[in-house]
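Asker: Attaching a single structure in structure tokens format; questions to follow.
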Amino acid sequence: MKNYQGVIIEESLESKDILKKVKIVSTKVEQITDGHKTPWLSQWTLHIVEIPESEAQTIAVEISKLLDYAHGGSWYADFKNETHHYIIFRDKIFYIDRKSKEQYDEARRYGISLGIPEYQVDFHPEVAEWER
């Protein structure tokens, strides 16, 4: 089995309990700028997480129910392994074949429709922000 790795922004969650169910590999705190489009916050706490393949679907469903809806639902979390990528919005999960530009484009369009800035939903090409 191949574990998934990705990012969960602590401030995006209505409940932090899910963070106890994943392995936190590292944490980075970013100060908010206008580009983040979250003026109600002063920082983002980005947790790089690792999730066993056997638990990925269950964790994705749980996250989709916990993403903050009070500010328009414009949050997402994501994690991926070598072949698949979960992109999770409030009440909607994309399970993407990493070779499918069309599936990535669909998830990107959905994120933009929620008001997420375009630069934040650049899931494809291969290198995600947390891998740089």
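Letters A, B, ... mark the chains of the structure tokens in the order given; residue numbers begin at 1 per chain; ligand numbers begin at 1, in order shown.
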Which residues come within 9 Å of A:Glu30, counting only C-alpha atoms, excluding same-chain residues fewer than 3 positions away, as a list in words?
Answerer: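 Surrounding residues, per the criterion: Thr33, Ser42, Gln43, Trp44, Thr45 and Leu46 of chain A.
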Asker: Compile the contact shell of A:Arg90 as a short mmCIF file (atom, residue, chain, number, x, y, z; two decimals) with C-alpha atoms, in the first residue's frame: residues with an atom at most 10 Å away, counting only C-alpha atoms, same-chain residues fewer than 3 positions apart removed.
Answerer:
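Printed below is part31.cif as written:
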```cif
data_model
loop_
_atom_site.label_atom_id
_atom_site.label_comp_id
_atom_site.auth_asym_id
_atom_site.auth_seq_id
_atom_site.Cartn_x
_atom_site.Cartn_y
_atom_site.Cartn_z
CA VAL A 61 -15.13 11.99 3.87
CA GLU A 62 -14.55 13.21 7.42
CA ILE A 63 -12.57 16.25 6.26
CA SER A 64 -15.29 17.14 3.72
CA LYS A 65 -17.75 17.45 6.60
CA LEU A 66 -15.38 19.52 8.75
CA LEU A 67 -14.18 22.22 6.36
CA ASP A 68 -15.30 25.64 7.55
CA TYR A 69 -18.52 26.70 5.89
CA GLY A 72 -18.40 30.71 2.02
CA GLY A 73 -16.98 27.20 1.99
CA SER A 74 -13.89 28.30 0.13
CA TRP A 75 -11.45 25.86 1.72
CA TYR A 76 -10.02 22.60 0.52
CA ALA A 77 -7.59 19.97 1.73
CA ILE A 93 -14.53 15.01 -2.90
#
```
Asker: Check the smallest atom-to-atom distance from each of A:Glu11, A:Lys80, A:Tyr95, A:Val49 to A:Ile32 using only C-alpha atoms, then report the winner.
Answerer: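 Comparing A:Glu11, A:Lys80, A:Tyr95, A:Val49 against A:Ile32, the winner is A:Glu11.
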Asker: Suppose you want the space between atom CA of A:Ile59 and atom CA of A:Ile24; what is it in Å?
Answerer: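 Going from atom CA of A:Ile59 over to atom CA of A:Ile24, I get 13.6 Å.
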Asker: I need the residues in stretch 21-115 of chain A that are alpha helix (DSSP H) according to DSSP; give them as a ChimeraX atom specification.
Answerer: /A:56-66,101-113
Asker: Take the residues that were just selected and, keeping C-alpha atoms, output them as a tab-separated table (two decimals), in the first residue's frame.
Answerer:
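result.tsv, freshly written:
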```
chain	number	residue	atom	x	y	z
A	56	ALA	CA	-7.65	7.69	2.85
A	57	GLN	CA	-11.30	7.49	1.74
A	58	THR	CA	-12.63	7.57	5.32
A	59	ILE	CA	-10.41	10.53	6.25
A	60	ALA	CA	-11.42	12.37	3.05
A	61	VAL	CA	-15.13	11.99	3.87
A	62	GLU	CA	-14.55	13.21	7.42
A	63	ILE	CA	-12.57	16.25	6.26
A	64	SER	CA	-15.29	17.14	3.72
A	65	LYS	CA	-17.75	17.45	6.60
A	66	LEU	CA	-15.38	19.52	8.75
A	101	LYS	CA	-5.69	16.56	-16.83
A	102	GLU	CA	-9.48	16.54	-17.36
A	103	GLN	CA	-10.15	15.40	-13.77
A	104	TYR	CA	-7.76	18.04	-12.43
A	105	ASP	CA	-9.44	20.70	-14.58
A	106	GLU	CA	-12.85	19.74	-13.17
A	107	ALA	CA	-11.61	20.04	-9.57
A	108	ARG	CA	-9.94	23.36	-10.40
A	109	ARG	CA	-13.13	24.78	-11.94
A	110	TYR	CA	-15.10	23.68	-8.90
A	111	GLY	CA	-12.64	25.37	-6.52
A	112	ILE	CA	-12.74	28.61	-8.51
A	113	SER	CA	-16.55	28.51	-8.48
```
Asker: Step one, run DSSP on the backbone; step two, keep only residues of chain A assigned to strand (DSSP E); then write them as a ChimeraX atom specification.
Answerer: /A:4-9,23-31,43-51,76-80,84-89,92-97
Asker: Would you save the residues of that selection, restricted to N, CA and C atoms, as a compact mmCIF listing (two decimals), in the first residue's frame?
Answerer:
```txt
# COMPACT_ATOMS: atom_id res chain seq x y z
N TYR A 4 -0.64 8.24 1.45
CA TYR A 4 -0.91 9.54 0.86
C TYR A 4 -0.22 10.61 1.69
N GLN A 5 0.18 11.69 1.04
CA GLN A 5 0.74 12.83 1.76
C GLN A 5 0.09 14.09 1.22
N GLY A 6 -0.15 15.04 2.11
CA GLY A 6 -0.77 16.29 1.68
C GLY A 6 -0.80 17.31 2.78
N VAL A 7 -1.67 18.32 2.59
CA VAL A 7 -1.73 19.45 3.51
C VAL A 7 -3.15 19.63 4.04
N ILE A 8 -3.23 19.83 5.34
CA ILE A 8 -4.48 20.25 5.97
C ILE A 8 -4.19 21.56 6.68
N ILE A 9 -4.96 22.59 6.36
CA ILE A 9 -4.81 23.89 7.03
C ILE A 9 -5.69 23.88 8.27
N LYS A 23 -1.17 11.25 10.67
CA LYS A 23 0.20 11.47 11.13
C LYS A 23 0.65 12.82 10.61
N ILE A 24 1.00 13.74 11.51
CA ILE A 24 1.50 15.05 11.12
C ILE A 24 3.01 14.93 10.95
N VAL A 25 3.47 15.12 9.72
CA VAL A 25 4.88 15.00 9.38
C VAL A 25 5.63 16.28 9.75
N SER A 26 5.01 17.42 9.45
CA SER A 26 5.60 18.71 9.81
C SER A 26 4.51 19.78 9.80
N THR A 27 4.83 20.92 10.38
CA THR A 27 3.88 22.02 10.47
C THR A 27 4.61 23.31 10.14
N LYS A 28 3.92 24.16 9.37
CA LYS A 28 4.47 25.45 8.98
C LYS A 28 3.38 26.50 9.20
N VAL A 29 3.75 27.63 9.78
CA VAL A 29 2.80 28.72 10.00
C VAL A 29 3.10 29.83 9.01
N GLU A 30 2.06 30.25 8.28
CA GLU A 30 2.19 31.34 7.32
C GLU A 30 1.38 32.52 7.81
N GLN A 31 1.94 33.70 7.75
CA GLN A 31 1.19 34.91 8.05
C GLN A 31 0.29 35.23 6.86
N GLN A 43 -3.21 34.04 10.51
CA GLN A 43 -2.23 33.06 10.04
C GLN A 43 -2.91 31.79 9.57
N TRP A 44 -2.17 31.01 8.78
CA TRP A 44 -2.56 29.66 8.40
C TRP A 44 -1.56 28.71 9.04
N THR A 45 -2.04 27.65 9.64
CA THR A 45 -1.18 26.60 10.18
C THR A 45 -1.31 25.41 9.24
N LEU A 46 -0.26 25.19 8.45
CA LEU A 46 -0.29 24.13 7.44
C LEU A 46 0.37 22.88 8.01
N HIS A 47 -0.42 21.82 8.11
CA HIS A 47 0.10 20.54 8.58
C HIS A 47 0.33 19.64 7.37
N ILE A 48 1.56 19.20 7.20
CA ILE A 48 1.83 18.19 6.19
C ILE A 48 1.54 16.85 6.87
N VAL A 49 0.63 16.11 6.25
CA VAL A 49 0.14 14.88 6.88
C VAL A 49 0.41 13.68 6.00
N GLU A 50 0.45 12.54 6.68
CA GLU A 50 0.58 11.26 5.98
C GLU A 50 -0.60 10.39 6.40
N ILE A 51 -1.24 9.77 5.41
CA ILE A 51 -2.44 8.98 5.65
C ILE A 51 -2.28 7.62 4.97
N TYR A 76 -10.18 23.99 0.96
CA TYR A 76 -10.02 22.60 0.52
C TYR A 76 -8.81 22.02 1.24
N ALA A 77 -8.76 20.71 1.25
CA ALA A 77 -7.59 19.97 1.73
C ALA A 77 -7.26 18.98 0.62
N ASP A 78 -6.03 18.53 0.56
CA ASP A 78 -5.72 17.53 -0.44
C ASP A 78 -4.56 16.66 0.02
N PHE A 79 -4.57 15.44 -0.49
CA PHE A 79 -3.46 14.53 -0.28
C PHE A 79 -3.39 13.57 -1.45
N LYS A 80 -2.16 13.10 -1.71
CA LYS A 80 -1.97 12.25 -2.88
C LYS A 80 -0.87 11.24 -2.64
N HIS A 84 -2.87 8.53 -7.27
CA HIS A 84 -4.16 9.19 -7.07
C HIS A 84 -4.05 10.41 -6.16
N HIS A 85 -5.02 11.30 -6.30
CA HIS A 85 -5.01 12.57 -5.58
C HIS A 85 -6.43 12.84 -5.08
N TYR A 86 -6.57 12.97 -3.78
CA TYR A 86 -7.85 13.39 -3.20
C TYR A 86 -7.83 14.90 -3.06
N ILE A 87 -8.82 15.56 -3.64
CA ILE A 87 -9.00 17.00 -3.46
C ILE A 87 -10.37 17.15 -2.81
N ILE A 88 -10.36 17.71 -1.60
CA ILE A 88 -11.54 17.66 -0.74
C ILE A 88 -12.06 19.07 -0.46
N PHE A 89 -13.30 19.29 -0.84
CA PHE A 89 -14.00 20.53 -0.53
C PHE A 89 -15.11 20.19 0.47
N LYS A 92 -17.84 17.78 -0.94
CA LYS A 92 -17.51 17.28 -2.29
C LYS A 92 -16.06 16.82 -2.31
N ILE A 93 -15.87 15.60 -2.82
CA ILE A 93 -14.53 15.01 -2.90
C ILE A 93 -14.23 14.62 -4.34
N PHE A 94 -13.06 15.02 -4.80
CA PHE A 94 -12.57 14.58 -6.11
C PHE A 94 -11.49 13.54 -5.84
N TYR A 95 -11.65 12.35 -6.45
CA TYR A 95 -10.65 11.29 -6.37
C TYR A 95 -10.07 11.19 -7.78
N ILE A 96 -8.87 11.71 -7.94
CA ILE A 96 -8.32 11.96 -9.26
C ILE A 96 -7.19 11.00 -9.61
N ASP A 97 -7.26 10.48 -10.83
CA ASP A 97 -6.14 9.74 -11.42
C ASP A 97 -5.12 10.81 -11.78
```
Asker: When you draw a straight line from atom CA of A:Pro52 to atom CA of A:Tyr119, how long is it in Å?
Answerer: 28.2 Å
Asker: One number please: atom CA of A:Lys16 to atom CA of A:Thr38, in Å, one decimal.
Answerer: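 Going from atom CA of A:Lys16 over to atom CA of A:Thr38 covers 18.5 Å.
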Asker: Could you check the closest approach to A:Trp40 for each of A:Asn3, A:Gln120, A:Thr83, A:Ser12 and tell me which residue wins, using only C-alpha atoms?
Answerer: A:Ser12
